[in-house]
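Data from final_35.txt: compact mmCIF, C-alpha atoms
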# COMPACT_ATOMS: atom_id res chain seq x y z
CA MET A 1 -14.80 180.25 157.69
CA SER A 2 -12.92 176.95 157.99
CA THR A 3 -9.14 177.04 158.27
CA THR A 4 -8.68 175.23 154.97
CA GLU A 5 -10.71 177.95 153.22
CA SER A 6 -9.12 180.92 154.96
CA PRO A 7 -7.05 183.42 152.91
CA SER A 8 -3.46 182.59 152.06
CA ASN A 9 -0.66 184.20 154.04
CA PHE A 10 0.58 185.51 150.69
CA ASP A 11 -1.04 187.70 148.07
CA HIS A 12 -0.41 188.95 144.52
CA LEU A 13 1.00 185.55 143.64
CA GLU A 14 0.82 186.30 139.93
CA HIS A 15 3.35 189.10 140.41
CA MET A 16 5.72 187.16 142.65
CA PRO A 17 9.16 186.25 141.19
CA LEU A 18 9.52 182.56 140.41
CA ARG A 19 12.18 181.96 143.08
CA ASP A 20 9.96 183.63 145.66
CA LEU A 21 7.02 181.47 144.62
CA LEU A 22 9.04 178.30 145.11
CA GLU A 23 10.65 179.38 148.37
CA ASN A 24 7.35 180.52 149.85
CA ILE A 25 5.60 177.28 148.91
CA ASN A 26 8.46 175.40 150.51
CA SER A 27 8.36 177.51 153.67
CA GLU A 28 4.66 176.72 154.04
CA ASP A 29 5.29 173.02 153.45
CA GLN A 30 7.85 172.93 156.25
CA THR A 31 5.11 173.63 158.78
CA VAL A 32 3.22 170.47 157.84
CA SER A 33 5.46 167.88 159.50
CA VAL A 34 5.39 169.88 162.73
CA THR A 35 1.60 169.82 162.68
CA VAL A 36 1.54 166.08 162.00
CA ALA A 37 3.95 165.50 164.89
CA GLY A 38 1.35 167.08 167.14
CA VAL A 39 -1.29 164.47 166.28
CA ILE A 40 0.88 161.37 166.72
CA PRO A 41 -0.99 160.41 169.93
CA GLU A 42 -4.26 160.34 167.96
CA ILE A 43 -2.65 158.31 165.17
CA GLU A 44 -1.28 155.89 167.76
CA ASP A 45 -4.70 155.40 169.33
CA LEU A 46 -6.25 154.54 165.96
CA VAL A 47 -3.46 152.20 164.85
CA ALA A 48 -3.55 150.38 168.20
CA GLU A 49 -7.19 149.53 167.53
CA ILE A 50 -6.62 148.52 163.90
CA ILE A 51 -3.87 145.97 164.52
CA PRO A 52 -5.80 143.37 166.58
CA ARG A 53 -8.70 143.58 164.14
CA MET A 54 -6.43 142.90 161.18
CA GLU A 55 -4.81 140.03 163.03
CA LYS A 56 -8.27 138.46 163.07
CA GLY A 57 -8.87 139.08 159.35
CA GLY A 58 -10.07 142.67 159.34
CA ARG A 59 -9.27 145.18 156.63
CA ILE A 60 -8.72 148.93 156.29
CA PHE A 61 -10.99 150.96 154.03
CA TYR A 62 -10.16 154.55 153.12
CA ILE A 63 -13.06 156.64 151.83
CA GLY A 64 -12.69 160.13 150.38
CA ALA A 65 -13.43 162.48 147.52
CA GLY A 66 -11.16 164.46 145.21
CA THR A 67 -7.58 164.79 146.40
CA SER A 68 -8.38 163.06 149.68
CA GLY A 69 -9.89 160.07 147.91
CA ARG A 70 -6.95 159.80 145.54
CA LEU A 71 -4.48 159.86 148.41
CA GLY A 72 -6.30 156.98 150.07
CA ILE A 73 -6.22 154.98 146.84
CA VAL A 74 -2.50 155.66 146.42
CA ASP A 75 -1.69 154.46 149.93
CA ALA A 76 -3.85 151.36 149.58
CA SER A 77 -2.43 150.46 146.17
CA GLU A 78 1.13 150.61 147.47
CA CYS A 79 0.59 148.07 150.25
CA PRO A 80 0.61 144.89 148.11
CA PRO A 81 3.87 145.61 146.24
CA THR A 82 5.60 147.00 149.33
CA PHE A 83 4.52 144.46 151.92
CA GLY A 84 3.41 141.50 149.80
CA VAL A 85 -0.12 141.55 151.23
CA PRO A 86 -3.32 140.72 149.32
CA HIS A 87 -4.99 143.56 147.45
CA ASP A 88 -8.00 143.38 149.74
CA TRP A 89 -6.16 144.12 152.99
CA VAL A 90 -6.16 147.88 152.44
CA ILE A 91 -8.74 149.31 150.06
CA GLY A 92 -9.23 152.86 148.82
CA ILE A 93 -12.67 153.99 147.68
CA MET A 94 -13.51 157.43 146.35
CA ALA A 95 -16.64 159.33 145.43
CA GLY A 96 -17.41 158.84 141.76
CA GLY A 97 -15.65 155.47 141.51
CA ASP A 98 -12.40 154.61 139.76
CA LYS A 99 -13.05 157.02 136.89
CA ALA A 100 -12.85 159.87 139.40
CA ILE A 101 -9.20 159.03 140.06
CA ARG A 102 -8.23 160.93 136.91
CA LYS A 103 -11.23 163.13 136.20
CA ALA A 104 -13.58 164.81 138.65
CA VAL A 105 -17.13 163.46 138.76
CA GLU A 106 -19.49 166.35 139.38
CA PHE A 107 -21.38 166.33 142.69
CA ALA A 108 -20.31 162.75 143.51
CA GLU A 109 -19.02 163.87 146.90
CA ASP A 110 -22.43 165.32 147.83
CA ASP A 111 -24.18 161.93 148.09
CA PHE A 112 -24.48 161.15 151.80
CA ASP A 113 -25.48 157.49 151.28
CA GLN A 114 -23.19 156.41 148.43
CA ALA A 115 -20.06 155.55 150.42
CA TRP A 116 -21.89 152.96 152.48
CA GLU A 117 -23.38 151.56 149.28
CA ASP A 118 -19.87 151.37 147.79
CA LEU A 119 -18.60 149.52 150.86
CA GLN A 120 -21.27 146.84 150.52
CA ALA A 121 -19.44 145.38 147.52
CA PHE A 122 -16.72 144.19 149.91
CA ASP A 123 -18.86 142.23 152.40
CA ILE A 124 -17.78 144.66 155.08
CA ASN A 125 -17.96 143.41 158.67
CA GLU A 126 -17.26 144.38 162.28
CA LEU A 127 -13.55 143.48 162.05
CA ASP A 128 -13.01 146.12 159.36
CA THR A 129 -11.90 149.71 159.85
CA VAL A 130 -13.26 152.66 157.86
CA ILE A 131 -11.14 155.81 157.76
CA GLY A 132 -12.75 158.88 156.25
CA ILE A 133 -10.40 161.38 154.61
CA ALA A 134 -11.59 164.94 153.99
CA ALA A 135 -9.50 168.07 154.41
CA SER A 136 -12.62 170.16 154.98
CA GLY A 137 -14.24 167.64 157.28
CA ARG A 138 -17.62 168.36 155.74
CA THR A 139 -17.81 166.10 152.66
CA PRO A 140 -21.22 164.35 152.72
CA TYR A 141 -19.92 161.21 150.97
CA VAL A 142 -17.31 160.70 153.68
CA ILE A 143 -19.45 161.72 156.64
CA GLY A 144 -22.29 159.43 155.57
CA GLY A 145 -19.90 156.51 155.10
CA VAL A 146 -18.24 156.70 158.51
CA LYS A 147 -21.54 157.45 160.28
CA LYS A 148 -23.15 154.30 158.90
CA ALA A 149 -20.01 152.24 159.50
CA ARG A 150 -19.93 153.28 163.15
CA GLU A 151 -23.62 152.52 163.56
CA GLN A 152 -22.92 149.03 162.23
CA GLY A 153 -20.17 148.40 164.79
CA LEU A 154 -17.09 148.97 162.63
CA LEU A 155 -14.03 150.83 163.87
CA THR A 156 -14.02 154.35 162.44
CA GLY A 157 -11.35 157.02 162.09
CA ALA A 158 -10.95 160.26 160.19
CA ILE A 159 -8.20 162.47 158.81
CA THR A 160 -9.19 166.11 158.48
CA CYS A 161 -7.60 169.55 158.65
CA ASN A 162 -10.29 171.64 160.37
CA GLN A 163 -11.17 171.78 164.04
CA GLY A 164 -14.71 170.95 165.10
CA SER A 165 -15.71 169.36 161.82
CA ALA A 166 -18.78 167.23 161.28
CA LEU A 167 -16.56 164.38 160.12
CA ALA A 168 -14.48 164.34 163.30
CA GLN A 169 -17.63 164.21 165.39
CA GLU A 170 -18.92 161.11 163.60
CA VAL A 171 -15.93 158.82 164.27
CA GLU A 172 -14.33 157.22 167.30
CA TYR A 173 -10.78 158.20 166.39
CA PRO A 174 -10.48 161.58 164.65
CA ILE A 175 -7.06 162.83 163.54
CA VAL A 176 -7.23 166.59 163.10
CA ALA A 177 -4.11 168.12 161.52
CA VAL A 178 -4.74 171.86 161.22
CA VAL A 179 -2.06 173.01 158.80
CA GLY A 180 -3.45 176.51 158.30
CA PRO A 181 -4.24 178.46 155.13
CA GLU A 182 -3.04 177.09 151.82
CA PHE A 183 -0.50 178.97 149.70
CA VAL A 184 -3.19 179.23 147.03
CA THR A 185 -6.33 179.95 149.02
CA GLY A 186 -8.45 176.81 149.39
CA SER A 187 -6.14 174.55 147.37
CA THR A 188 -6.11 171.65 149.82
CA ARG A 189 -4.08 169.46 147.47
CA MET A 190 -1.13 171.40 148.91
CA LYS A 191 -0.50 171.50 152.69
CA ALA A 192 -3.63 169.60 153.67
CA GLY A 193 -2.90 166.92 151.07
CA THR A 194 0.70 166.64 152.26
CA ALA A 195 -0.47 166.20 155.85
CA GLN A 196 -2.94 163.52 154.82
CA LYS A 197 -0.26 161.65 152.87
CA LEU A 198 2.12 161.73 155.84
CA ILE A 199 -0.57 160.41 158.16
CA LEU A 200 -1.60 157.66 155.75
CA ASN A 201 2.06 156.64 155.45
CA MET A 202 2.26 156.36 159.22
CA ILE A 203 -0.94 154.36 159.57
CA SER A 204 -0.30 151.76 156.88
CA THR A 205 3.43 151.39 157.53
CA SER A 206 3.12 150.99 161.28
CA VAL A 207 0.28 148.51 160.88
CA MET A 208 2.26 146.40 158.41
CA ILE A 209 5.36 146.42 160.60
CA ARG A 210 3.30 145.25 163.56
CA LEU A 211 1.76 142.52 161.39
CA GLY A 212 5.24 141.18 160.70
CA LYS A 213 5.69 142.40 157.13
CA VAL A 214 9.11 143.94 157.78
CA LYS A 215 12.25 142.26 159.13
CA GLY A 216 14.79 144.62 160.69
CA ASN A 217 14.20 147.53 158.35
CA LYS A 218 13.70 145.51 155.17
CA MET A 219 10.63 144.82 153.02
CA ILE A 220 11.17 141.08 152.89
CA ASP A 221 7.66 140.43 151.54
CA MET A 222 7.83 142.93 148.68
CA GLN A 223 6.70 141.76 145.27
CA LEU A 224 9.58 141.21 142.85
CA SER A 225 7.79 142.93 139.99
CA ASN A 226 10.70 144.63 138.23
CA THR A 227 14.48 144.50 137.88
CA LYS A 228 15.08 147.15 140.52
CA LEU A 229 13.13 145.18 143.12
CA VAL A 230 14.84 141.92 142.21
CA GLU A 231 18.20 143.64 142.68
CA ARG A 232 17.01 145.00 146.02
CA GLY A 233 15.95 141.51 147.06
CA VAL A 234 19.35 140.10 146.14
CA LYS A 235 21.03 142.80 148.20
CA MET A 236 18.82 142.01 151.18
CA LEU A 237 19.81 138.36 151.06
CA MET A 238 23.48 139.23 150.70
CA GLU A 239 23.30 141.42 153.79
CA GLU A 240 21.15 139.10 155.89
CA LEU A 241 23.06 135.91 155.06
CA SER A 242 26.56 137.33 154.41
CA ILE A 243 26.72 135.62 151.03
CA GLU A 244 27.88 136.59 147.56
CA GLU A 245 25.64 138.03 144.89
CA ALA A 246 25.49 134.91 142.74
CA GLU A 247 24.31 132.76 145.63
CA ALA A 248 21.78 135.35 146.72
CA SER A 249 20.44 135.64 143.19
CA GLN A 250 20.05 131.88 142.94
CA LEU A 251 18.25 131.72 146.27
CA LEU A 252 15.84 134.43 145.23
CA GLU A 253 15.13 132.74 141.91
CA THR A 254 14.55 129.40 143.61
CA HIS A 255 12.25 130.61 146.38
CA GLY A 256 10.53 133.60 144.74
CA SER A 257 10.72 136.01 147.67
CA VAL A 258 13.16 137.27 150.25
CA ARG A 259 11.10 135.90 153.12
CA LYS A 260 10.83 132.41 151.61
CA ALA A 261 14.55 132.34 150.91
CA LEU A 262 15.37 133.39 154.47
CA LYS A 263 12.87 130.93 155.90
CA ALA A 264 14.35 128.07 153.89
CA LEU A 265 17.65 128.76 155.60
CA GLY A 266 16.15 129.27 159.04
CA HIS A 267 16.54 133.05 159.15
CA ALA A 268 12.89 134.19 159.08
Could you rewrite the structure in this file as structure tokens?
Amino acid sequence: MSTTESPSNFDHLEHMPLRDLLENINSEDQTVSVTVAGVIPEIEDLVAEIIPRMEKGGRIFYIGAGTSGRLGIVDASECPPTFGVPHDWVIGIMAGGDKAIRKAVEFAEDDFDQAWEDLQAFDINELDTVIGIAASGRTPYVIGGVKKAREQGLLTGAITCNQGSALAQEVEYPIVAVVGPEFVTGSTRMKAGTAQKLILNMISTSVMIRLGKVKGNKMIDMQLSNTKLVERGVKMLMEELSIEEAEASQLLETHGSVRKALKALGHA
């Protein structure tokens, strides 16, 4: 039996007091970051290969099914507003297509060939990276996608939560975060999903920092798509340029982004 399917460390959950339920879920969650810390060398190896490819125009593709697919889509969709990059720099694809984001599509994950077919819509090439995400490490959709991508000369990675999985064996850079049994047996949206989210955060954020999308610790390329972000941009300019709010606001309105405003004044 795979680790992600092994019995929970807790039983009789339906009889457990509410406070105990919450505290026990939390105690299990606290083990996840420790597990992820143990795979940082593997994350580093993958990211180090991604960066030079993206500098030459490559992209990152996440492929997954169910929770894993949704997590990839979430991470990809956050890159444009956070780092001001085009929507096609980081792309999330999941079994069953966009409709599967909200509602499961039966047996979509069982199609070994469909992920590669889905990738063809993006004119995928050897500068691109395909990262398969599957807690179980045995999802045919994901395995088939990374296998074909590797055969075609693309960089391939994987995020899984079981040792010795078929998925890990098909990629050059497997990241295997074994978080142990889930609180609710087999519910990999819990600890496994949390581990995957943490790892995706690390991959995309470190890549974007290395590509110059952060200055100091600030998201100077973020899209100013709401009042909160405009206010954040004004604050950034105030801090970077030691100016008053009114001047910072005017600069932001004139130039349209924090980076452009800083560049106009020779600070970026």
Find the axis-aligned box for region 136-150 of chain A, covering all its listed atoms and adding 6 Å on each side, and write its centre and edge lengths in Å to one decimal as JSON.
{"center_x": -17.9, "center_y": 161.2, "center_z": 157.1, "size_x": 22.5, "size_y": 29.9, "size_z": 24.2}
Expressed in Å, the length from CA of Pro181 (chain A) to CA of Asn9 (chain A) is 6.9 Å
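The closest residue to Val234 (chain A), picked from A:Leu251, A:Ala100, A:Met94, A:Ala158 and counting all atoms listed in the file, is A:Leu251.
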Show me a table, sorted first by chain and then by increasing residue number, of the residues of region 10-111 of chain A having an atom at most 10 Å from region 193-207 of chain A, each with its shortest atom pair and the distance in Å to one decimal, counting all atoms listed in the file and written as JSON lines.
{"residue": "A:Asp29", "atom": "CA", "partner": "A:Thr194", "partner_atom": "CA", "distance": 7.9}
{"residue": "A:Thr31", "atom": "CA", "partner": "A:Ala195", "partner_atom": "CA", "distance": 9.7}
{"residue": "A:Val32", "atom": "CA", "partner": "A:Ala195", "partner_atom": "CA", "distance": 6.0}
{"residue": "A:Ser33", "atom": "CA", "partner": "A:Ala195", "partner_atom": "CA", "distance": 7.2}
{"residue": "A:Val34", "atom": "CA", "partner": "A:Ala195", "partner_atom": "CA", "distance": 9.8}
{"residue": "A:Thr35", "atom": "CA", "partner": "A:Ala195", "partner_atom": "CA", "distance": 8.0}
{"residue": "A:Val36", "atom": "CA", "partner": "A:Ala195", "partner_atom": "CA", "distance": 6.5}
{"residue": "A:Ala37", "atom": "CA", "partner": "A:Ile199", "partner_atom": "CA", "distance": 9.6}
{"residue": "A:Val39", "atom": "CA", "partner": "A:Ile199", "partner_atom": "CA", "distance": 9.1}
{"residue": "A:Ile40", "atom": "CA", "partner": "A:Ile199", "partner_atom": "CA", "distance": 8.7}
{"residue": "A:Ile43", "atom": "CA", "partner": "A:Ile203", "partner_atom": "CA", "distance": 7.1}
{"residue": "A:Glu44", "atom": "CA", "partner": "A:Ile203", "partner_atom": "CA", "distance": 8.3}
{"residue": "A:Leu46", "atom": "CA", "partner": "A:Ile203", "partner_atom": "CA", "distance": 8.3}
{"residue": "A:Val47", "atom": "CA", "partner": "A:Ile203", "partner_atom": "CA", "distance": 6.2}
{"residue": "A:Ala48", "atom": "CA", "partner": "A:Val207", "partner_atom": "CA", "distance": 8.5}
{"residue": "A:Ile50", "atom": "CA", "partner": "A:Val207", "partner_atom": "CA", "distance": 7.5}
{"residue": "A:Ile51", "atom": "CA", "partner": "A:Val207", "partner_atom": "CA", "distance": 6.1}
{"residue": "A:Pro52", "atom": "CA", "partner": "A:Val207", "partner_atom": "CA", "distance": 9.8}
{"residue": "A:Met54", "atom": "CA", "partner": "A:Val207", "partner_atom": "CA", "distance": 8.8}
{"residue": "A:Ile60", "atom": "CA", "partner": "A:Ser204", "partner_atom": "CA", "distance": 8.9}
{"residue": "A:Tyr62", "atom": "CA", "partner": "A:Leu200", "partner_atom": "CA", "distance": 9.5}
{"residue": "A:Thr67", "atom": "CA", "partner": "A:Gly193", "partner_atom": "CA", "distance": 6.9}
{"residue": "A:Ser68", "atom": "CA", "partner": "A:Gly193", "partner_atom": "CA", "distance": 6.8}
{"residue": "A:Arg70", "atom": "CA", "partner": "A:Gly193", "partner_atom": "CA", "distance": 9.9}
{"residue": "A:Leu71", "atom": "CA", "partner": "A:Lys197", "partner_atom": "CA", "distance": 6.4}
{"residue": "A:Gly72", "atom": "CA", "partner": "A:Leu200", "partner_atom": "CA", "distance": 7.4}
{"residue": "A:Val74", "atom": "CA", "partner": "A:Lys197", "partner_atom": "CA", "distance": 9.1}
{"residue": "A:Asp75", "atom": "CA", "partner": "A:Leu200", "partner_atom": "CA", "distance": 6.6}
{"residue": "A:Ala76", "atom": "CA", "partner": "A:Ser204", "partner_atom": "CA", "distance": 8.1}
{"residue": "A:Glu78", "atom": "CA", "partner": "A:Ser204", "partner_atom": "CA", "distance": 9.6}
{"residue": "A:Cys79", "atom": "CA", "partner": "A:Ser204", "partner_atom": "CA", "distance": 7.6}
{"residue": "A:Thr82", "atom": "CA", "partner": "A:Thr205", "partner_atom": "CA", "distance": 9.6}
{"residue": "A:Phe83", "atom": "CA", "partner": "A:Thr205", "partner_atom": "CA", "distance": 9.0}
{"residue": "A:Val90", "atom": "CA", "partner": "A:Ser204", "partner_atom": "CA", "distance": 8.3}
Could you write those residues out with C-alpha atoms, as a tab-separated table (two decimals), keeping the file's coordinate frame?
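The result, written out as out16.tsv:
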chain	number	residue	atom	x	y	z
A	29	ASP	CA	5.29	173.02	153.45
A	31	THR	CA	5.11	173.63	158.78
A	32	VAL	CA	3.22	170.47	157.84
A	33	SER	CA	5.46	167.88	159.50
A	34	VAL	CA	5.39	169.88	162.73
A	35	THR	CA	1.60	169.82	162.68
A	36	VAL	CA	1.54	166.08	162.00
A	37	ALA	CA	3.95	165.50	164.89
A	39	VAL	CA	-1.29	164.47	166.28
A	40	ILE	CA	0.88	161.37	166.72
A	43	ILE	CA	-2.65	158.31	165.17
A	44	GLU	CA	-1.28	155.89	167.76
A	46	LEU	CA	-6.25	154.54	165.96
A	47	VAL	CA	-3.46	152.20	164.85
A	48	ALA	CA	-3.55	150.38	168.20
A	50	ILE	CA	-6.62	148.52	163.90
A	51	ILE	CA	-3.87	145.97	164.52
A	52	PRO	CA	-5.80	143.37	166.58
A	54	MET	CA	-6.43	142.90	161.18
A	60	ILE	CA	-8.72	148.93	156.29
A	62	TYR	CA	-10.16	154.55	153.12
A	67	THR	CA	-7.58	164.79	146.40
A	68	SER	CA	-8.38	163.06	149.68
A	70	ARG	CA	-6.95	159.80	145.54
A	71	LEU	CA	-4.48	159.86	148.41
A	72	GLY	CA	-6.30	156.98	150.07
A	74	VAL	CA	-2.50	155.66	146.42
A	75	ASP	CA	-1.69	154.46	149.93
A	76	ALA	CA	-3.85	151.36	149.58
A	78	GLU	CA	1.13	150.61	147.47
A	79	CYS	CA	0.59	148.07	150.25
A	82	THR	CA	5.60	147.00	149.33
A	83	PHE	CA	4.52	144.46	151.92
A	90	VAL	CA	-6.16	147.88	152.44
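When CA of Ile63 (chain A) is paired with CA of Glu109 (chain A), their separation reads 10.6 Å.
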Test item: residues at most 12 Å from region 164-173 of chain A, only C-alpha atoms, excluding those fewer than 2 positions along its chain, as a PyMOL selection string:
chain A and resi 1-4+39+41-50+63-64+112+129-151+153-162+175-178
Written-out region 10-23 of chain A (N, CA and C atoms) as an mmCIF file, in the first residue's frame:
data_model
loop_
_atom_site.group_PDB
_atom_site.id
_atom_site.type_symbol
_atom_site.label_atom_id
_atom_site.label_comp_id
_atom_site.auth_asym_id
_atom_site.auth_seq_id
_atom_site.Cartn_x
_atom_site.Cartn_y
_atom_site.Cartn_z
ATOM 1 N N PHE A 10 -5.123 8.328 13.267
ATOM 2 C CA PHE A 10 -6.253 8.561 14.171
ATOM 3 C C PHE A 10 -7.443 7.734 13.702
ATOM 4 N N ASP A 11 -8.304 7.383 14.631
ATOM 5 C CA ASP A 11 -9.486 6.608 14.272
ATOM 6 C C ASP A 11 -10.692 7.141 15.031
ATOM 7 N N HIS A 12 -11.882 6.645 14.663
ATOM 8 C CA HIS A 12 -13.133 7.061 15.287
ATOM 9 C C HIS A 12 -13.288 8.585 15.231
ATOM 10 N N LEU A 13 -12.966 9.139 14.064
ATOM 11 C CA LEU A 13 -13.004 10.593 13.910
ATOM 12 C C LEU A 13 -14.397 11.162 14.170
ATOM 13 N N GLU A 14 -15.420 10.387 13.815
ATOM 14 C CA GLU A 14 -16.784 10.888 13.984
ATOM 15 C C GLU A 14 -17.169 11.045 15.454
ATOM 16 N N HIS A 15 -16.412 10.440 16.353
ATOM 17 C CA HIS A 15 -16.703 10.548 17.778
ATOM 18 C C HIS A 15 -15.747 11.516 18.496
ATOM 19 N N MET A 16 -14.824 12.078 17.750
ATOM 20 C CA MET A 16 -13.812 12.937 18.355
ATOM 21 C C MET A 16 -14.392 14.325 18.637
ATOM 22 N N PRO A 17 -14.150 14.899 19.820
ATOM 23 C CA PRO A 17 -14.606 16.265 20.109
ATOM 24 C C PRO A 17 -14.058 17.249 19.078
ATOM 25 N N LEU A 18 -14.820 18.284 18.820
ATOM 26 C CA LEU A 18 -14.439 19.256 17.787
ATOM 27 C C LEU A 18 -13.049 19.819 18.024
ATOM 28 N N ARG A 19 -12.740 20.238 19.253
ATOM 29 C CA ARG A 19 -11.415 20.798 19.533
ATOM 30 C C ARG A 19 -10.322 19.776 19.218
ATOM 31 N N ASP A 20 -10.564 18.521 19.564
ATOM 32 C CA ASP A 20 -9.575 17.491 19.278
ATOM 33 C C ASP A 20 -9.403 17.299 17.772
ATOM 34 N N LEU A 21 -10.499 17.337 17.037
ATOM 35 C CA LEU A 21 -10.397 17.248 15.580
ATOM 36 C C LEU A 21 -9.469 18.332 15.027
ATOM 37 N N LEU A 22 -9.722 19.549 15.438
ATOM 38 C CA LEU A 22 -8.945 20.680 14.922
ATOM 39 C C LEU A 22 -7.485 20.607 15.348
ATOM 40 N N GLU A 23 -7.249 20.277 16.599
ATOM 41 C CA GLU A 23 -5.874 20.206 17.096
ATOM 42 C C GLU A 23 -5.103 19.059 16.446
#
